[in-house]
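Colleague: Sending over a structure as structure tokens; questions will come in a sec.
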Amino acid sequence: MSTPRSEASQLFERLSFARLFFLALALVALNLSFQLSLDEALGSELWAALLSSILVFVGLPFLLARAMGDHPLRSFRLHLPRPKSFALVTLVTVASVFPIDSLTTLNSRLLSVPPEVLENMRQLKPDSVASWALAVCALCVVAPLGEEIIFRGLLQQAALLRMGTVQAIAMCAVLFAAVHLQPYYLVGLISVGVLLGVIFLRTGNLSASIYAHGLYNLISLVTLSPKNTNAETSLTTGALGWLLAAAGLLICWWALKRLGPNEFEDPTWKIERSVDQD
């Protein structure tokens, strides 16, 4: 028996997968262009990322949902998480840092990080209360909110209409990694995308993947060293590093198995596959 569609899927019934796919790519391109323009005008990469994410990645999708007759919070499945889900997502995110960091380190050794990128990372490291507040707001709150709306709330839900679960999560993870334009961190970024996609799928709650994304960025920001940022820097090196990575994978698997749909979510949140009307 097919799963009834929830009211929140109106947006995905009225727009085909192809349209939503190219819309997501257009929003990514617009965000990048707008961010570069703001960076030149303001002279601050963090302020540019903050404003661009609010206007393009949050504002435009919300307007689209309203134009389609949906409530944006229902369209993108934004709900308050249960305490149990909150704790499990926290555990998954923290544990995932070790295996993802190992993969990122291997990737950056095979493809060296350009010196200008390392210098840019050093400059992003906050050095005052005000810069910390701006960095956390831009990188750990607004950017995760906007990126999750695009890649999980919009693109992954649209992909589930036309392909299997594994293919949908993999496609969104690859696109998520590709738009960061950092091939030397590609494997790690794909891993983060897969993790966020699975969290969204298991919980049916975009708030869960936004929280995980923000927490992961916060951990990365805190552990980033302004003096020693290079391809060799890693939380997990040597035999101990691989042991921590293996332990992290096991903890992730255990916690993800215990994640389930949010108790405040419509029980018919799973999207039934359909054929495009085009």
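Residues in the structure tokens are numbered from 1 in each chain, the chains being A, B, ... in the order shown, and ligands are numbered from 1 in the order shown.
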For segment 147-157 of chain A, please output as a ChimeraX atom specification all residues within 9 Å (counting only C-alpha atoms; exclusion window: fewer than 4 positions along the same chain).

Modeller: /A:9,12,17,20-21,24,27-28,53,57-58,61,75-78,142-143,161,168-169,171-173,175-176,193,196-197,200-201,205-207,209-210,213,271

Colleague: Give me the residues near Pro183 of chain A as a ChimeraX atom specification, where near means some atom within 9 Å (using only C-alpha atoms) and where sequence neighbours in that chain fewer than 6 positions away do not count.

Modeller: /A:107-108,111,113,177

Colleague: Okay, now the selection with C-alpha atoms, as a compact mmCIF listing (two decimals), in the first residue's frame?

Modeller:
```txt
# COMPACT_ATOMS: atom_id res chain seq x y z
CA ASN A 107 42.52 13.54 0.48
CA SER A 108 44.65 16.61 1.26
CA LEU A 111 45.96 16.68 -3.53
CA VAL A 113 46.00 22.39 -0.36
CA ALA A 177 30.79 18.79 -1.89
```

Colleague: Between atom CA of Cys140 of chain A and atom CA of Tyr184 of chain A, what is the spacing in Å?

Modeller: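 That distance, rounded to one decimal, is 21.7 Å.
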
Colleague: Between atom CA of Leu38 of chain A and atom CA of Ser52 of chain A, what is the distance in Å, rounded to a tenth?

Modeller: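 About the pair atom CA of Leu38 of chain A and atom CA of Ser52 of chain A: they are 7.8 Å apart.
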
Colleague: DSSP on the backbone: what in segment 73-203 of chain A comes out alpha helix (DSSP H), as a PyMOL selection string?

Modeller: chain A and resi 73-75+83-110+115-124+129-135+143-148+157-159+165-178+186-203

Colleague: Using only C-alpha atoms, find the one residue out of A:Ala95, A:Ala159, A:Ala178, A:Leu189 that sits nearest to Gly248 of chain A.

Modeller: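 Among the listed residues, A:Ala95 lies closest to Gly248 of chain A.
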
Colleague: Using atom CA of Ala212 of chain A and atom CA of Thr93 of chain A as the two end points, give the distance in Å to one decimal.

Modeller: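 Atom CA of Ala212 of chain A sits 5.8 Å away from atom CA of Thr93 of chain A.
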
Colleague: With distances taken over only C-alpha atoms, which residue among A:Val222, A:Leu186, A:Ala246, A:Leu80 lies nearest Gly204 of chain A?

Modeller: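 Checking each candidate against Gly204 of chain A, we get A:Leu80 as the closest.
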
Colleague: Which is closer to Ala133 of chain A than all the others in A:Leu46, A:Leu91, A:Ala65, A:Ala208, using only C-alpha atoms?

Modeller: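 Of A:Leu46, A:Leu91, A:Ala65, A:Ala208, the one nearest Ala133 of chain A is A:Leu46, counting only C-alpha atoms.
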